[in-house]
>>> print(open('entry21.pdb').read())   # PDB, C-alpha atoms, pLDDT in the B column
ATOM      1  CA  MET A 252     -30.619  36.728  22.736  1.00 41.00           C
ATOM      2  CA  VAL A 253     -29.958  33.898  25.208  1.00 42.00           C
ATOM      3  CA  GLU A 254     -27.207  34.609  27.760  1.00 46.00           C
ATOM      4  CA  TRP A 255     -25.298  31.651  29.165  1.00 46.00           C
ATOM      5  CA  THR A 256     -24.294  31.543  32.795  1.00 52.00           C
ATOM      6  CA  ASP A 257     -20.754  30.686  33.807  1.00 48.00           C
ATOM      7  CA  ALA A 258     -21.908  27.244  34.925  1.00 49.00           C
ATOM      8  CA  GLN A 259     -23.518  26.498  31.554  1.00 44.00           C
ATOM      9  CA  THR A 260     -20.398  27.670  29.725  1.00 38.00           C
ATOM     10  CA  ARG A 261     -18.161  25.429  31.841  1.00 44.00           C
ATOM     11  CA  GLU A 262     -20.479  22.487  31.215  1.00 45.00           C
ATOM     12  CA  VAL A 263     -20.342  22.974  27.424  1.00 40.00           C
ATOM     13  CA  LEU A 264     -16.561  23.316  27.512  1.00 38.00           C
ATOM     14  CA  SER A 265     -16.218  20.174  29.605  1.00 43.00           C
ATOM     15  CA  GLN A 266     -18.385  18.252  27.145  1.00 45.00           C
ATOM     16  CA  THR A 267     -16.320  19.537  24.242  1.00 44.00           C
ATOM     17  CA  SER A 268     -13.052  18.586  25.875  1.00 43.00           C
ATOM     18  CA  THR A 269     -14.143  14.965  26.308  1.00 43.00           C
ATOM     19  CA  ALA A 270     -13.782  14.342  22.567  1.00 53.00           C
ATOM     20  CA  LYS A 271     -10.324  12.796  22.118  1.00 67.00           C
ATOM     21  CA  LEU A 272      -8.294  11.240  19.331  1.00 64.00           C
ATOM     22  CA  GLY A 273      -8.712   7.503  19.889  1.00 69.00           C
ATOM     23  CA  TRP A 274      -7.494   4.287  18.346  1.00 76.00           C
ATOM     24  CA  GLY A 275     -10.403   4.225  15.930  1.00 75.00           C
ATOM     25  CA  GLN A 276      -9.424   7.553  14.418  1.00 78.00           C
ATOM     26  CA  GLY A 277      -5.780   6.453  14.360  1.00 78.00           C
ATOM     27  CA  LEU A 278      -6.704   3.380  12.326  1.00 87.00           C
ATOM     28  CA  MET A 279      -8.641   5.533   9.877  1.00 87.00           C
ATOM     29  CA  PHE A 280      -5.569   7.767   9.545  1.00 88.00           C
ATOM     30  CA  LEU A 281      -3.505   4.729   8.571  1.00 90.00           C
ATOM     31  CA  GLN A 282      -6.120   3.707   6.015  1.00 91.00           C
ATOM     32  CA  ALA A 283      -6.105   7.238   4.587  1.00 91.00           C
ATOM     33  CA  ALA A 284      -2.298   7.174   4.451  1.00 91.00           C
ATOM     34  CA  LEU A 285      -2.534   3.965   2.436  1.00 93.00           C
ATOM     35  CA  VAL A 286      -4.915   5.685   0.012  1.00 93.00           C
ATOM     36  CA  THR A 287      -2.440   8.573  -0.293  1.00 93.00           C
ATOM     37  CA  LEU A 288       0.366   6.121  -1.024  1.00 93.00           C
ATOM     38  CA  VAL A 289      -1.687   4.190  -3.596  1.00 94.00           C
ATOM     39  CA  VAL A 290      -2.669   7.381  -5.413  1.00 95.00           C
ATOM     40  CA  SER A 291       0.906   8.702  -5.390  1.00 94.00           C
ATOM     41  CA  VAL A 292       2.566   5.468  -6.536  1.00 95.00           C
ATOM     42  CA  GLY A 293      -0.082   4.887  -9.192  1.00 96.00           C
ATOM     43  CA  ALA A 294       0.229   8.430 -10.519  1.00 96.00           C
ATOM     44  CA  MET A 295       4.038   8.253 -10.593  1.00 95.00           C
ATOM     45  CA  ALA A 296       3.907   4.874 -12.350  1.00 96.00           C
ATOM     46  CA  LEU A 297       1.885   6.603 -15.071  1.00 96.00           C
ATOM     47  CA  ALA A 298       3.939   9.803 -15.112  1.00 96.00           C
ATOM     48  CA  VAL A 299       7.356   8.187 -15.557  1.00 94.00           C
ATOM     49  CA  PRO A 300       6.816   6.220 -18.808  1.00 94.00           C
ATOM     50  CA  LEU A 301       4.611   8.953 -20.251  1.00 96.00           C
ATOM     51  CA  GLY A 302       7.229  11.548 -19.355  1.00 95.00           C
ATOM     52  CA  VAL A 303       9.983   9.476 -20.987  1.00 93.00           C
ATOM     53  CA  GLY A 304       7.875   9.152 -24.134  1.00 93.00           C
ATOM     54  CA  LEU A 305       7.166  12.872 -24.257  1.00 95.00           C
ATOM     55  CA  ALA A 306      10.843  13.703 -23.764  1.00 94.00           C
ATOM     56  CA  LEU A 307      11.938  11.364 -26.569  1.00 92.00           C
ATOM     57  CA  VAL A 308       9.285  12.678 -28.913  1.00 93.00           C
ATOM     58  CA  ARG A 309      10.339  16.252 -28.246  1.00 93.00           C
ATOM     59  CA  LEU A 310      13.996  15.428 -28.899  1.00 90.00           C
ATOM     60  CA  TYR A 311      13.842  12.877 -31.706  1.00 89.00           C
ATOM     61  CA  GLY A 312      10.318  12.919 -33.114  1.00 87.00           C
ATOM     62  CA  PRO A 313       9.093  14.639 -36.293  1.00 91.00           C
ATOM     63  CA  ARG A 314       8.371  18.326 -35.959  1.00 92.00           C
ATOM     64  CA  TRP A 315       4.581  18.003 -35.865  1.00 94.00           C
ATOM     65  CA  LEU A 316       4.704  15.312 -33.175  1.00 94.00           C
ATOM     66  CA  SER A 317       7.317  17.220 -31.201  1.00 93.00           C
ATOM     67  CA  GLY A 318       5.055  20.272 -31.350  1.00 94.00           C
ATOM     68  CA  MET A 319       2.141  18.263 -29.951  1.00 95.00           C
ATOM     69  CA  ALA A 320       4.302  16.958 -27.106  1.00 95.00           C
ATOM     70  CA  SER A 321       5.477  20.496 -26.321  1.00 94.00           C
ATOM     71  CA  PHE A 322       1.865  21.695 -26.314  1.00 96.00           C
ATOM     72  CA  TYR A 323       0.909  18.922 -23.874  1.00 96.00           C
ATOM     73  CA  VAL A 324       3.759  19.853 -21.533  1.00 95.00           C
ATOM     74  CA  GLU A 325       2.918  23.561 -21.581  1.00 95.00           C
ATOM     75  CA  VAL A 326      -0.820  23.002 -21.024  1.00 95.00           C
ATOM     76  CA  PHE A 327      -0.387  20.656 -18.063  1.00 95.00           C
ATOM     77  CA  ARG A 328       2.389  22.715 -16.489  1.00 93.00           C
ATOM     78  CA  GLY A 329       0.598  25.996 -17.122  1.00 93.00           C
ATOM     79  CA  THR A 330      -2.779  25.143 -15.601  1.00 94.00           C
ATOM     80  CA  PRO A 331      -3.558  24.246 -11.962  1.00 93.00           C
ATOM     81  CA  VAL A 332      -3.709  20.545 -11.175  1.00 93.00           C
ATOM     82  CA  LEU A 333      -6.849  21.263  -9.148  1.00 92.00           C
ATOM     83  CA  LEU A 334      -8.574  22.535 -12.291  1.00 94.00           C
ATOM     84  CA  GLN A 335      -7.417  19.477 -14.211  1.00 94.00           C
ATOM     85  CA  LEU A 336      -8.935  17.179 -11.582  1.00 94.00           C
ATOM     86  CA  TYR A 337     -12.241  19.063 -11.753  1.00 93.00           C
ATOM     87  CA  VAL A 338     -12.360  18.808 -15.535  1.00 93.00           C
ATOM     88  CA  LEU A 339     -11.405  15.127 -15.569  1.00 92.00           C
ATOM     89  CA  TYR A 340     -13.845  14.011 -12.879  1.00 92.00           C
ATOM     90  CA  TYR A 341     -16.762  16.418 -13.293  1.00 91.00           C
ATOM     91  CA  GLY A 342     -16.352  18.113 -16.673  1.00 89.00           C
ATOM     92  CA  LEU A 343     -15.840  14.922 -18.668  1.00 86.00           C
ATOM     93  CA  ALA A 344     -18.312  12.812 -16.678  1.00 82.00           C
ATOM     94  CA  GLY A 345     -20.711  12.654 -19.612  1.00 83.00           C
ATOM     95  CA  VAL A 346     -18.001  11.290 -21.917  1.00 86.00           C
ATOM     96  CA  LEU A 347     -15.508   9.585 -19.609  1.00 82.00           C
ATOM     97  CA  ARG A 348     -17.016   8.263 -16.388  1.00 85.00           C
ATOM     98  CA  LEU A 349     -14.341   7.360 -13.847  1.00 88.00           C
ATOM     99  CA  ASP A 350     -14.530   6.466 -10.194  1.00 90.00           C
ATOM    100  CA  ALA A 351     -12.893   8.957  -7.847  1.00 91.00           C
ATOM    101  CA  LEU A 352      -9.736   6.917  -7.187  1.00 92.00           C
ATOM    102  CA  SER A 353      -9.081   6.251 -10.874  1.00 92.00           C
ATOM    103  CA  ALA A 354      -9.638   9.914 -11.709  1.00 93.00           C
ATOM    104  CA  ALA A 355      -7.202  10.908  -8.963  1.00 94.00           C
ATOM    105  CA  VAL A 356      -4.456   8.599 -10.252  1.00 95.00           C
ATOM    106  CA  LEU A 357      -5.045   9.580 -13.874  1.00 95.00           C
ATOM    107  CA  GLY A 358      -5.249  13.296 -13.166  1.00 95.00           C
ATOM    108  CA  LEU A 359      -2.075  13.464 -11.094  1.00 96.00           C
ATOM    109  CA  GLY A 360      -0.274  11.103 -13.477  1.00 96.00           C
ATOM    110  CA  LEU A 361      -1.072  13.210 -16.540  1.00 96.00           C
ATOM    111  CA  ASN A 362      -0.027  16.369 -14.724  1.00 96.00           C
ATOM    112  CA  TYR A 363       3.271  15.052 -13.419  1.00 96.00           C
ATOM    113  CA  ALA A 364       4.122  13.472 -16.758  1.00 96.00           C
ATOM    114  CA  ALA A 365       4.629  17.002 -18.068  1.00 95.00           C
ATOM    115  CA  TYR A 366       7.171  17.717 -15.328  1.00 95.00           C
ATOM    116  CA  GLU A 367       8.872  14.359 -15.771  1.00 95.00           C
ATOM    117  CA  ALA A 368       9.196  15.011 -19.495  1.00 94.00           C
ATOM    118  CA  GLU A 369      11.246  18.116 -18.794  1.00 93.00           C
ATOM    119  CA  VAL A 370      13.385  16.283 -16.242  1.00 93.00           C
ATOM    120  CA  TYR A 371      14.249  13.470 -18.661  1.00 93.00           C
ATOM    121  CA  ARG A 372      14.750  15.856 -21.563  1.00 92.00           C
ATOM    122  CA  ALA A 373      17.256  17.814 -19.475  1.00 91.00           C
ATOM    123  CA  GLY A 374      18.957  14.555 -18.469  1.00 90.00           C
ATOM    124  CA  VAL A 375      19.350  13.433 -22.086  1.00 89.00           C
ATOM    125  CA  LEU A 376      20.645  16.842 -23.148  1.00 90.00           C
ATOM    126  CA  ALA A 377      23.211  16.706 -20.332  1.00 88.00           C
ATOM    127  CA  VAL A 378      24.841  13.650 -21.925  1.00 87.00           C
ATOM    128  CA  PRO A 379      27.596  14.767 -24.358  1.00 87.00           C
ATOM    129  CA  ARG A 380      26.479  14.543 -27.985  1.00 85.00           C
ATOM    130  CA  GLY A 381      29.594  12.543 -28.817  1.00 85.00           C
ATOM    131  CA  GLN A 382      28.218   9.600 -26.805  1.00 84.00           C
ATOM    132  CA  MET A 383      25.300   9.247 -29.189  1.00 84.00           C
ATOM    133  CA  GLU A 384      27.463   9.786 -32.256  1.00 84.00           C
ATOM    134  CA  ALA A 385      29.933   7.146 -31.106  1.00 87.00           C
ATOM    135  CA  ALA A 386      27.142   4.635 -30.480  1.00 85.00           C
ATOM    136  CA  LEU A 387      25.686   5.248 -33.940  1.00 85.00           C
ATOM    137  CA  ALA A 388      29.158   4.929 -35.479  1.00 87.00           C
ATOM    138  CA  LEU A 389      29.457   1.490 -33.863  1.00 85.00           C
ATOM    139  CA  GLY A 390      26.362   0.387 -35.738  1.00 85.00           C
ATOM    140  CA  MET A 391      23.759   0.786 -33.002  1.00 85.00           C
ATOM    141  CA  SER A 392      20.301   1.929 -33.931  1.00 84.00           C
ATOM    142  CA  THR A 393      18.996   5.096 -32.318  1.00 84.00           C
ATOM    143  CA  PRO A 394      16.655   3.233 -29.890  1.00 84.00           C
ATOM    144  CA  LEU A 395      19.469   0.853 -28.905  1.00 87.00           C
ATOM    145  CA  ALA A 396      21.931   3.718 -28.405  1.00 86.00           C
ATOM    146  CA  LEU A 397      19.407   5.544 -26.241  1.00 86.00           C
ATOM    147  CA  ARG A 398      18.744   2.474 -24.123  1.00 85.00           C
ATOM    148  CA  ARG A 399      22.336   1.329 -23.633  1.00 86.00           C
ATOM    149  CA  VAL A 400      24.382   4.527 -23.778  1.00 86.00           C
ATOM    150  CA  VAL A 401      22.364   7.712 -23.312  1.00 87.00           C
ATOM    151  CA  PHE A 402      19.618   6.813 -20.843  1.00 85.00           C
ATOM    152  CA  PRO A 403      21.830   5.170 -18.170  1.00 84.00           C
ATOM    153  CA  GLN A 404      23.812   8.417 -17.989  1.00 85.00           C
ATOM    154  CA  ALA A 405      20.729  10.618 -18.211  1.00 87.00           C
ATOM    155  CA  PHE A 406      19.121   8.667 -15.381  1.00 85.00           C
ATOM    156  CA  ARG A 407      21.926   9.634 -13.011  1.00 83.00           C
ATOM    157  CA  VAL A 408      21.356  13.292 -13.814  1.00 83.00           C
ATOM    158  CA  ALA A 409      17.586  13.034 -13.512  1.00 87.00           C
ATOM    159  CA  LEU A 410      17.391  10.949 -10.331  1.00 84.00           C
ATOM    160  CA  PRO A 411      17.424  13.816  -7.765  1.00 81.00           C
ATOM    161  CA  SER A 412      14.697  15.671  -9.641  1.00 85.00           C
ATOM    162  CA  VAL A 413      12.590  12.531 -10.013  1.00 88.00           C
ATOM    163  CA  THR A 414      12.831  11.942  -6.266  1.00 86.00           C
ATOM    164  CA  ASN A 415      11.802  15.522  -5.540  1.00 86.00           C
ATOM    165  CA  ASP A 416       8.885  15.172  -7.938  1.00 90.00           C
ATOM    166  CA  PHE A 417       7.633  12.060  -6.184  1.00 91.00           C
ATOM    167  CA  ILE A 418       7.794  13.738  -2.783  1.00 89.00           C
ATOM    168  CA  ALA A 419       5.938  16.731  -4.239  1.00 90.00           C
ATOM    169  CA  LEU A 420       3.379  14.357  -5.752  1.00 93.00           C
ATOM    170  CA  LEU A 421       2.916  12.708  -2.369  1.00 91.00           C
ATOM    171  CA  LYS A 422       1.926  16.082  -0.929  1.00 89.00           C
ATOM    172  CA  ASP A 423      -0.103  17.175  -3.966  1.00 90.00           C
ATOM    173  CA  SER A 424      -2.217  14.047  -3.552  1.00 91.00           C
ATOM    174  CA  SER A 425      -4.053  16.030  -0.864  1.00 90.00           C
ATOM    175  CA  LEU A 426      -5.798  17.864  -3.733  1.00 91.00           C
ATOM    176  CA  VAL A 427      -7.745  14.757  -4.743  1.00 92.00           C
ATOM    177  CA  SER A 428     -10.037  15.304  -1.773  1.00 89.00           C
ATOM    178  CA  VAL A 429     -11.964  17.728  -4.004  1.00 89.00           C
ATOM    179  CA  ILE A 430     -13.214  14.754  -6.019  1.00 89.00           C
ATOM    180  CA  SER A 431     -14.332  12.890  -2.869  1.00 85.00           C
ATOM    181  CA  VAL A 432     -11.225  10.750  -2.296  1.00 88.00           C
ATOM    182  CA  VAL A 433     -10.670  10.376   1.452  1.00 85.00           C
ATOM    183  CA  GLU A 434      -6.889  10.600   1.599  1.00 89.00           C
ATOM    184  CA  LEU A 435      -4.707  11.688   4.498  1.00 88.00           C
ATOM    185  CA  THR A 436      -5.462  15.413   4.552  1.00 90.00           C
ATOM    186  CA  LYS A 437      -9.193  14.840   4.109  1.00 89.00           C
ATOM    187  CA  ARG A 438      -9.143  12.364   6.990  1.00 89.00           C
ATOM    188  CA  MET A 439      -7.368  14.959   9.124  1.00 89.00           C
ATOM    189  CA  THR A 440     -10.142  17.470   8.381  1.00 88.00           C
ATOM    190  CA  ILE A 441     -12.884  14.981   9.222  1.00 87.00           C
ATOM    191  CA  THR A 442     -11.180  13.883  12.422  1.00 86.00           C
ATOM    192  CA  ALA A 443     -10.475  17.474  13.496  1.00 85.00           C
ATOM    193  CA  VAL A 444     -14.182  18.242  13.266  1.00 85.00           C
ATOM    194  CA  ASP A 445     -15.075  15.064  15.168  1.00 82.00           C
ATOM    195  CA  VAL A 446     -12.655  15.657  18.052  1.00 81.00           C
ATOM    196  CA  ARG A 447     -13.103  19.461  17.961  1.00 84.00           C
ATOM    197  CA  SER A 448      -9.360  20.053  17.724  1.00 81.00           C
ATOM    198  CA  TRP A 449      -6.868  20.594  14.919  1.00 85.00           C
ATOM    199  CA  LEU A 450      -3.644  20.184  16.853  1.00 86.00           C
ATOM    200  CA  LEU A 451      -3.399  16.415  17.293  1.00 86.00           C
ATOM    201  CA  PRO A 452      -4.962  15.466  13.915  1.00 86.00           C
ATOM    202  CA  GLY A 453      -2.657  17.951  12.201  1.00 88.00           C
ATOM    203  CA  ALA A 454       0.414  16.625  13.998  1.00 90.00           C
ATOM    204  CA  LEU A 455      -0.519  13.022  13.167  1.00 90.00           C
ATOM    205  CA  CYS A 456      -1.122  13.935   9.534  1.00 90.00           C
ATOM    206  CA  ALA A 457       2.267  15.647   9.292  1.00 91.00           C
ATOM    207  CA  ALA A 458       4.003  12.700  10.979  1.00 92.00           C
ATOM    208  CA  LEU A 459       2.502  10.231   8.501  1.00 92.00           C
ATOM    209  CA  TYR A 460       3.510  12.368   5.513  1.00 92.00           C
ATOM    210  CA  LEU A 461       7.041  12.556   6.909  1.00 91.00           C
ATOM    211  CA  ALA A 462       7.087   8.805   7.547  1.00 91.00           C
ATOM    212  CA  MET A 463       6.245   8.195   3.890  1.00 90.00           C
ATOM    213  CA  SER A 464       8.551  10.781   2.298  1.00 87.00           C
ATOM    214  CA  TYR A 465      11.691  10.625   4.449  1.00 87.00           C
ATOM    215  CA  PRO A 466      12.591   6.963   3.712  1.00 86.00           C
ATOM    216  CA  LEU A 467      12.272   7.761   0.019  1.00 82.00           C
ATOM    217  CA  SER A 468      14.770  10.595   0.403  1.00 81.00           C
ATOM    218  CA  LEU A 469      17.225   8.258   2.158  1.00 84.00           C
ATOM    219  CA  LEU A 470      16.778   5.615  -0.531  1.00 80.00           C
ATOM    220  CA  ALA A 471      17.408   8.169  -3.274  1.00 76.00           C
ATOM    221  CA  ARG A 472      20.596   9.367  -1.571  1.00 79.00           C
ATOM    222  CA  ARG A 473      21.909   5.819  -1.324  1.00 80.00           C
ATOM    223  CA  LEU A 474      21.056   5.155  -4.944  1.00 76.00           C
ATOM    224  CA  GLU A 475      22.766   8.374  -6.042  1.00 73.00           C
ATOM    225  CA  ALA A 476      25.888   7.431  -4.088  1.00 76.00           C
ATOM    226  CA  ARG A 477      25.869   3.938  -5.602  1.00 74.00           C
ATOM    227  CA  LEU A 478      25.486   5.288  -9.117  1.00 68.00           C
ATOM    228  CA  ALA A 479      28.282   7.782  -8.503  1.00 69.00           C
ATOM    229  CA  ARG A 480      30.610   4.955  -7.398  1.00 68.00           C
ATOM    230  CA  GLY A 481      29.580   2.933 -10.437  1.00 60.00           C
TER     231      GLY A 481
END
>>> encode(input="entry21.pdb", output="structure tokens")
Amino acid sequence: MVEWTDAQTREVLSQTSTAKLGWGQGLMFLQAALVTLVVSVGAMALAVPLGVGLALVRLYGPRWLSGMASFYVEVFRGTPVLLQLYVLYYGLAGVLRLDALSAAVLGLGLNYAAYEAEVYRAGVLAVPRGQMEAALALGMSTPLALRRVVFPQAFRVALPSVTNDFIALLKDSSLVSVISVVELTKRMTITAVDVRSWLLPGALCAALYLAMSYPLSLLARRLEARLARG
């Protein structure tokens, strides 16, 4: 076994300490944050309409179709999103070949659609039944009554949960690194190895996540207050 002298140890430590977080790594962090934002927004854009559709099918669809929607919700809520990403990107590669970014958006979108379905279903159920009955009595069709009477009220109830879901999705996007997407957390890991330190890369990663999620929280609060006044 080779024994290092104190001088050799100090020399190695001095060489290690010269690796610092520079502007180049900072730029790559910003690029990774953009990837995180693209994945999150894309997944939420898929989850919202799919979740609305699932909620409506469960509430107003025929029994067999409602059962299928319920099965979808339970499967995607009851299995880890990490497993779903593996199956979508690797397991189905022979049948459905997707690039990593598309698989990330699709996987997270399908998963969060199950949660959004429950949020919107709860919002619709929170609207008094008499609202729907009154709209139908006035001659509105069911789709028109849902669009003009029920959903505007259900949206107010669902808004806080939808905001929380998007913030959670923003953080869950870190899981897509397992299918080779270099998002914010993956960039932090790479940079931490390069600069031989986890403190600064971790702090920068956390700051960027906060910078993306906190304005959304403020926007949601303002929107809630505006809807309450309306």
>>> resolve_selection(input="entry21.pdb", expression="the PyMOL selection byres ((chain A and resi 434-451) around 12)", output="ChimeraX atom specification")
/A:264,266-291,351-352,355,421-433,452-460,463
>>> residues_around(input="entry21.pdb", residues="Leu410 in chain A", least_positions_apart="5", cutoff="9 Å", atoms="all atoms listed in the file", output="ChimeraX atom specification")
/A:370,405,415,471,474-475
>>> closest_atom_pairs(input="entry21.pdb", of="range 313-412 of chain A", to="range 301-308 of chain A", cutoff="7 Å", atoms="all atoms listed in the file", output="tab-separated table")
residue	atom	partner	partner_atom	distance
A:Leu316	CA	A:Val308	CA	6.8
A:Ser317	CA	A:Val308	CA	5.5
A:Ala320	CA	A:Leu305	CA	5.7
A:Ala364	CA	A:Gly302	CA	4.5
A:Ala365	CA	A:Gly302	CA	6.2
A:Glu367	CA	A:Gly302	CA	4.8
A:Ala368	CA	A:Gly302	CA	4.0
A:Glu369	CA	A:Ala306	CA	6.7
A:Tyr371	CA	A:Ala306	CA	6.1
A:Arg372	CA	A:Ala306	CA	5.0
>>> atom_distance(input="entry21.pdb", atom1="CA of Ser468 in chain A", atom2="CA of Val413 in chain A")
10.8 Å
>>> atom_distance(input="entry21.pdb", atom1="CA of Pro466 in chain A", atom2="CA of Gln404 in chain A")
24.5 Å
>>> atom_distance(input="entry21.pdb", atom1="CA of Leu357 in chain A", atom2="CA of Asp416 in chain A")
16.1 Å
>>> residues_around(input="entry21.pdb", residues="Met383 in chain A", least_positions_apart="4", cutoff="12 Å", atoms="all atoms listed in the file", output="MDAnalysis selection string")
chainID A and resid 375:379 387:402 404:405
>>> closest_residue(input="entry21.pdb", among="A:Gly374, A:Leu461, A:Leu347, A:Pro411", to="Ala476 in chain A", atoms="only C-alpha atoms")
A:Pro411
>>> decode(input="entry21.pdb", residues="range 307-315 of chain A", atoms="all heavy atoms", output="CSV table (one decimal), in the first residue's frame")
chain,number,residue,atom,x,y,z
A,307,LEU,N,-64.9,14.2,-16.6
A,307,LEU,CA,-66.2,14.2,-17.2
A,307,LEU,C,-66.7,12.8,-17.5
A,307,LEU,O,-67.9,12.5,-17.3
A,307,LEU,CB,-66.2,15.1,-18.4
A,307,LEU,CG,-66.0,16.6,-18.2
A,307,LEU,CD1,-65.9,17.4,-19.5
A,307,LEU,CD2,-67.1,17.2,-17.3
A,308,VAL,N,-65.9,12.0,-18.0
A,308,VAL,CA,-66.3,10.6,-18.3
A,308,VAL,C,-66.7,9.9,-17.1
A,308,VAL,O,-67.7,9.1,-17.0
A,308,VAL,CB,-65.1,9.9,-19.0
A,308,VAL,CG1,-65.4,8.4,-19.1
A,308,VAL,CG2,-65.0,10.4,-20.5
A,309,ARG,N,-65.9,10.1,-16.0
A,309,ARG,CA,-66.3,9.4,-14.7
A,309,ARG,C,-67.6,9.9,-14.2
A,309,ARG,O,-68.3,9.1,-13.6
A,309,ARG,CB,-65.2,9.6,-13.7
A,309,ARG,CG,-63.8,9.0,-14.1
A,309,ARG,CD,-62.9,9.0,-12.9
A,309,ARG,NE,-63.3,8.1,-11.8
A,309,ARG,CZ,-62.7,8.0,-10.6
A,309,ARG,NH1,-61.6,8.7,-10.4
A,309,ARG,NH2,-63.1,7.2,-9.7
A,310,LEU,N,-67.9,11.1,-14.4
A,310,LEU,CA,-69.2,11.7,-13.8
A,310,LEU,C,-70.4,11.5,-14.7
A,310,LEU,O,-71.5,11.3,-14.2
A,310,LEU,CB,-69.0,13.2,-13.5
A,310,LEU,CG,-68.0,13.5,-12.4
A,310,LEU,CD1,-67.7,15.0,-12.4
A,310,LEU,CD2,-68.6,13.1,-11.0
A,311,TYR,N,-70.2,11.6,-16.0
A,311,TYR,CA,-71.3,11.7,-16.9
A,311,TYR,C,-71.3,10.6,-18.0
A,311,TYR,O,-72.2,10.5,-18.8
A,311,TYR,CB,-71.4,13.1,-17.6
A,311,TYR,CG,-71.6,14.2,-16.6
A,311,TYR,CD1,-70.5,15.0,-16.3
A,311,TYR,CD2,-72.8,14.4,-16.0
A,311,TYR,CE1,-70.6,16.0,-15.3
A,311,TYR,CE2,-72.9,15.5,-15.1
A,311,TYR,CZ,-71.9,16.2,-14.7
A,311,TYR,OH,-72.0,17.2,-13.8
A,312,GLY,N,-70.2,9.8,-18.1
A,312,GLY,CA,-70.1,8.9,-19.2
A,312,GLY,C,-70.9,7.6,-18.9
A,312,GLY,O,-71.3,7.4,-17.7
A,313,PRO,N,-71.0,6.7,-19.9
A,313,PRO,CA,-71.7,5.4,-19.6
A,313,PRO,C,-70.8,4.6,-18.6
A,313,PRO,O,-69.6,4.9,-18.5
A,313,PRO,CB,-71.7,4.8,-21.0
A,313,PRO,CG,-70.7,5.5,-21.8
A,313,PRO,CD,-70.6,6.9,-21.3
A,314,ARG,N,-71.4,3.6,-18.0
A,314,ARG,CA,-70.8,2.9,-17.0
A,314,ARG,C,-69.5,2.2,-17.4
A,314,ARG,O,-68.5,2.3,-16.7
A,314,ARG,CB,-71.7,1.8,-16.4
A,314,ARG,CG,-71.1,1.0,-15.3
A,314,ARG,CD,-72.1,0.1,-14.6
A,314,ARG,NE,-73.2,0.9,-14.0
A,314,ARG,CZ,-74.2,0.3,-13.3
A,314,ARG,NH1,-74.3,-1.0,-13.2
A,314,ARG,NH2,-75.1,1.1,-12.8
A,315,TRP,N,-69.5,1.6,-18.6
A,315,TRP,CA,-68.3,0.9,-19.0
A,315,TRP,C,-67.1,1.9,-19.3
A,315,TRP,O,-66.0,1.6,-19.0
A,315,TRP,CB,-68.6,0.1,-20.3
A,315,TRP,CG,-68.9,1.0,-21.5
A,315,TRP,CD1,-70.1,1.4,-21.9
A,315,TRP,CD2,-68.0,1.5,-22.5
A,315,TRP,NE1,-70.1,2.2,-23.0
A,315,TRP,CE2,-68.8,2.2,-23.4
A,315,TRP,CE3,-66.6,1.4,-22.7
A,315,TRP,CZ2,-68.2,2.9,-24.5
A,315,TRP,CZ3,-66.0,2.0,-23.7
A,315,TRP,CH2,-66.8,2.8,-24.7
